Amino acid sequence: MTLKIAPGMVTVGGVTLSNHCILAAGVLGTTGSSLARALANGAGGVVTKSIGPFPCEGHPGPCVVEVEGGLLNAMGLPNPSREFVSEVEPLAGKPVIVSIYGGDPGEFRMVASWFEGIAAGFELNLSCPHAAGYGAALGTNPLLVEECTRAVSGLGSPTWVKLTPNVTDIAICGKAAERGGASAIVAINTVKAMRISTALKRPVLGNRYGGLSGKAVFPIAIRCVYELYEACSIPIIGCGGISGAEDVIEMMMAGASAVQVGTAVKDDPAIFQSIVSHLYSSEGVQAETIVGCAHE
């Protein structure tokens with residue numbers, strides 16, 4: 001890769017980051033110490049696991065299965081609910097975005113209120129494909145996307161909305177989030193998927209259905225970011241299959257102002273340091289000059 005970016009602080013969707021690469025939700029964001037470790041290991045910002053209105057144990061295992069090109073997962077949004085506040089409190093002032101979910105706009109607002117003054121911002125999980133009544137169950141309805149977004153953005157904190165690719169037109173949902181006051185859009189969450197064990201004659205996941213992440217979904221994420229950039233005026237944070245600096249550049253050319261890295265952390269906990277070392281140069285170009293340049 002020859003194209004590099006000039007280093008410097010980055011502000012996206014109301015949140016100031018130390019670089020363009022953010023730890024995605026659900027990956028190492030399970031405790032305050034794991035979030036702090038990701039920041040110390042080079043992440044420009046971090047997103048927590050998704051926190052909901054009630055404690056949840058999640059789906060029965062197996063919950064994560066490795067497949068060619070990525071991972072299948074059906075975690076079922078396990079979380080301790082309000083108790084997670086104590087995990088995030090020591091990180092106040094750092095670029096920690098709290099991922100939240102709920103069954104309606106009121107629940108989204110309630111969960112967000114627990115972290116006011118602590119979180120740098122919120123990421124609304126309107127996209128998980130395997131949690132009945134939550135995530136994509138709301139996120140496929142533009143009206144609910146707008147209402148849930150408005151319920152949280154009204155609190156005054158940066159509000160990112162994570163969208164599902166499992167819709168006919170993701171731009172419609174992106175515009176709904178923008179109308180609701182979103183500070184940024186995150187695209188994408190996992191793609192609906194499953195595998196079956198031919199030996200056991202049953203699905204490999206305990207929940208049967210799950211979501212696919214990893215390199216296999218990168219082209220899908222690129223297209224979604226590209227379409228959202230054409231339709232929306234707020235920043236987009238690209239997510240899905242990113243594992244190197246070249247992927248970051250391509251995602252930015254599609255229209256992303258920053259990116260999130262998730263599945264790649266499984267194979268390389270130092271992935272952020274690796275990406276950053278190849279992404280930036282004192283002789284690099286300003287990031288703004290390449291964001292969306294593939295649309296020209």
# chains A, B, ... in the order shown; residues from 1 in each chain; ligands from 1
call {"tool": "residues_around", "arguments": {"residues": "A:Glu230", "least_positions_apart": "5", "cutoff": "12 Å", "atoms": "only C-alpha atoms", "output": "ChimeraX atom specification"}}
result
/A:170-172,174-175,223-225,235-236,254-256,292-296
call {"tool": "residues_around", "arguments": {"residues": "stretch 151-162 of chain A", "least_positions_apart": "4", "cutoff": "8 Å", "atoms": "only C-alpha atoms", "output": "number ranges by chain"}}
result
A: 13-15, 105-106, 108-109, 112-113, 116, 120-127, 147, 177, 180-189
call {"tool": "select_by_dssp", "arguments": {"residues": "stretch 6-226 of chain A", "states": "strand (DSSP E or B)", "output": "VMD selection string"}}
result
chain A and resid 10 to 12 15 to 17 21 to 23 45 to 51 56 64 to 67 70 to 73 79 96 to 100 121 to 125 159 to 163 184 to 187 191 to 193 196 to 197 202 to 203 210 to 213
call {"tool": "closest_residue", "arguments": {"among": "A:Glu83, A:Asp267, A:Glu288, A:Glu57", "to": "A:Ala131", "atoms": "only C-alpha atoms"}}
result
A:Glu57
call {"tool": "atom_distance", "arguments": {"atom1": "atom CA of A:Val291", "atom2": "atom CA of A:Tyr229"}}
result
9.6 Å
call {"tool": "closest_residue", "arguments": {"among": "A:Ala25, A:Leu72, A:Ile271, A:Val65", "to": "A:Ile97", "atoms": "only C-alpha atoms"}}
result
A:Ala25
call {"tool": "residues_around", "arguments": {"residues": "A:Ser81", "least_positions_apart": "4", "cutoff": "10 Å", "atoms": "only C-alpha atoms", "output": "VMD selection string"}}
result
chain A and resid 50 to 56 85 100 111 114
call {"tool": "write_last_selection", "arguments": {"atoms": "N, CA and C atoms", "output": "mmCIF file, in the first residue's frame"}}
result
data_model
loop_
_atom_site.group_PDB
_atom_site.id
_atom_site.type_symbol
_atom_site.label_atom_id
_atom_site.label_comp_id
_atom_site.auth_asym_id
_atom_site.auth_seq_id
_atom_site.Cartn_x
_atom_site.Cartn_y
_atom_site.Cartn_z
ATOM 1 N N SER A 50 -23.024 -4.751 24.094
ATOM 2 C CA SER A 50 -24.332 -4.113 24.136
ATOM 3 C C SER A 50 -24.987 -4.314 25.499
ATOM 4 N N ILE A 51 -25.444 -3.201 26.073
ATOM 5 C CA ILE A 51 -26.069 -3.210 27.390
ATOM 6 C C ILE A 51 -27.563 -2.929 27.235
ATOM 7 N N GLY A 52 -28.376 -3.734 27.902
ATOM 8 C CA GLY A 52 -29.819 -3.601 27.768
ATOM 9 C C GLY A 52 -30.522 -3.270 29.063
ATOM 10 N N PRO A 53 -31.844 -3.184 29.025
ATOM 11 C CA PRO A 53 -32.624 -2.766 30.190
ATOM 12 C C PRO A 53 -32.696 -3.796 31.301
ATOM 13 N N PHE A 54 -32.406 -5.058 30.971
ATOM 14 C CA PHE A 54 -32.458 -6.120 31.968
ATOM 15 C C PHE A 54 -31.247 -7.035 31.808
ATOM 16 N N PRO A 55 -30.760 -7.630 32.895
ATOM 17 C CA PRO A 55 -29.662 -8.595 32.752
ATOM 18 C C PRO A 55 -30.074 -9.743 31.832
ATOM 19 N N CYS A 56 -29.130 -10.236 31.056
ATOM 20 C CA CYS A 56 -29.434 -11.295 30.094
ATOM 21 C C CYS A 56 -28.270 -12.287 30.048
ATOM 22 N N VAL A 85 -22.311 -0.129 34.623
ATOM 23 C CA VAL A 85 -21.883 1.253 34.847
ATOM 24 C C VAL A 85 -20.567 1.286 35.623
ATOM 25 N N ILE A 100 -25.829 0.233 23.351
ATOM 26 C CA ILE A 100 -27.049 -0.013 24.115
ATOM 27 C C ILE A 100 -28.129 -0.603 23.221
ATOM 28 N N VAL A 111 -31.639 3.187 29.318
ATOM 29 C CA VAL A 111 -30.301 2.604 29.414
ATOM 30 C C VAL A 111 -29.240 3.684 29.195
ATOM 31 N N TRP A 114 -28.301 5.907 32.218
ATOM 32 C CA TRP A 114 -27.430 5.357 33.259
ATOM 33 C C TRP A 114 -25.976 5.779 33.044
#
call {"tool": "closest_residue", "arguments": {"among": "A:Cys239, A:Ala176, A:Met75, A:Leu205", "to": "A:Ile220", "atoms": "only C-alpha atoms"}}
result
A:Cys239
call {"tool": "select_by_dssp", "arguments": {"residues": "stretch 28-260 of chain A", "states": "helix (DSSP H, G or I)", "output": "compact mmCIF listing (two decimals) with C-alpha atoms, in the first residue's frame"}}
result
# COMPACT_ATOMS: atom_id res chain seq x y z
CA GLY A 32 -13.51 -2.07 32.00
CA SER A 33 -10.08 -3.67 32.04
CA SER A 34 -10.51 -5.24 28.59
CA LEU A 35 -11.64 -1.88 27.18
CA ALA A 36 -8.63 -0.14 28.75
CA ARG A 37 -6.33 -2.82 27.34
CA ALA A 38 -7.67 -2.27 23.82
CA LEU A 39 -7.01 1.47 24.14
CA ALA A 40 -3.50 0.80 25.44
CA SER A 81 -27.48 -4.40 32.48
CA ARG A 82 -27.09 -1.43 34.87
CA GLU A 83 -24.28 -3.11 36.82
CA PHE A 84 -22.01 -2.41 33.85
CA VAL A 85 -21.88 1.25 34.85
CA SER A 86 -19.21 0.40 37.43
CA GLU A 87 -17.04 -1.10 34.66
CA VAL A 88 -17.14 2.08 32.57
CA GLU A 89 -16.88 4.68 35.36
CA PRO A 90 -13.06 4.40 35.70
CA LEU A 91 -12.77 5.16 31.94
CA PRO A 105 -37.52 4.02 22.41
CA GLY A 106 -38.19 4.41 26.14
CA GLU A 107 -35.90 1.51 27.03
CA PHE A 108 -33.14 2.90 24.82
CA ARG A 109 -33.38 6.26 26.57
CA MET A 110 -33.45 4.66 30.02
CA VAL A 111 -30.30 2.60 29.41
CA ALA A 112 -28.49 5.62 27.95
CA SER A 113 -29.38 7.72 30.99
CA TRP A 114 -27.43 5.36 33.26
CA ALA A 136 -32.74 -5.82 13.84
CA ALA A 137 -36.31 -6.53 14.97
CA LEU A 138 -36.50 -2.75 15.40
CA GLY A 139 -33.76 -1.71 13.00
CA PRO A 142 -37.32 3.04 9.55
CA LEU A 143 -39.95 4.61 11.81
CA LEU A 144 -38.61 2.75 14.85
CA VAL A 145 -35.03 3.60 13.87
CA GLU A 146 -35.97 7.28 13.86
CA GLU A 147 -37.88 7.10 17.15
CA CYS A 148 -35.20 5.14 19.02
CA THR A 149 -32.52 7.48 17.72
CA ARG A 150 -34.46 10.57 18.77
CA ALA A 151 -35.06 9.12 22.25
CA VAL A 152 -31.29 8.90 22.85
CA SER A 153 -30.04 11.88 20.85
CA ILE A 170 -30.04 0.37 4.02
CA ALA A 171 -30.11 4.00 2.90
CA ILE A 172 -33.74 4.30 4.02
CA CYS A 173 -32.73 3.30 7.55
CA GLY A 174 -29.72 5.61 7.42
CA LYS A 175 -31.89 8.58 6.52
CA ALA A 176 -34.28 7.63 9.34
CA ALA A 177 -31.39 7.68 11.83
CA GLU A 178 -30.31 11.06 10.48
CA ARG A 179 -33.83 12.46 10.93
CA LYS A 215 -13.46 -11.00 5.76
CA ALA A 216 -16.38 -12.64 3.95
CA VAL A 217 -18.64 -9.66 4.70
CA PHE A 218 -16.17 -6.91 3.72
CA PRO A 219 -17.58 -6.41 0.18
CA ILE A 220 -21.09 -6.18 1.67
CA ALA A 221 -19.94 -3.57 4.15
CA ILE A 222 -18.23 -1.57 1.42
CA ARG A 223 -21.42 -1.42 -0.64
CA CYS A 224 -23.53 -0.43 2.37
CA VAL A 225 -21.13 2.39 3.30
CA TYR A 226 -21.07 3.53 -0.33
CA GLU A 227 -24.87 3.68 -0.51
CA LEU A 228 -25.17 5.46 2.83
CA TYR A 229 -22.62 8.08 1.79
CA GLU A 230 -24.74 8.87 -1.25
CA ALA A 231 -27.93 9.18 0.82
CA ALA A 245 -4.58 -0.67 6.58
CA GLU A 246 -5.55 -1.28 2.94
CA ASP A 247 -9.07 -2.19 4.10
CA VAL A 248 -9.27 1.05 6.06
CA ILE A 249 -8.30 3.11 3.02
CA GLU A 250 -10.84 1.30 0.83
CA MET A 251 -13.59 1.80 3.40
CA MET A 252 -12.75 5.50 3.63
CA MET A 253 -12.84 5.83 -0.15
CA ALA A 254 -16.34 4.33 -0.03
call {"tool": "atom_distance", "arguments": {"atom1": "atom CA of A:Gly117", "atom2": "atom CA of A:Gly76"}}
result
27.8 Å
call {"tool": "closest_residue", "arguments": {"among": "A:Val98, A:Ile5, A:Lys49, A:Ala92", "to": "A:Pro78", "atoms": "only C-alpha atoms"}}
result
A:Lys49
call {"tool": "closest_residue", "arguments": {"among": "A:Ala132, A:Phe272, A:Ala264, A:Pro203", "to": "A:Ser18", "atoms": "only C-alpha atoms"}}
result
A:Phe272
call {"tool": "atom_distance", "arguments": {"atom1": "atom CA of A:Thr289", "atom2": "atom CA of A:Gly262"}}
result
25.8 Å
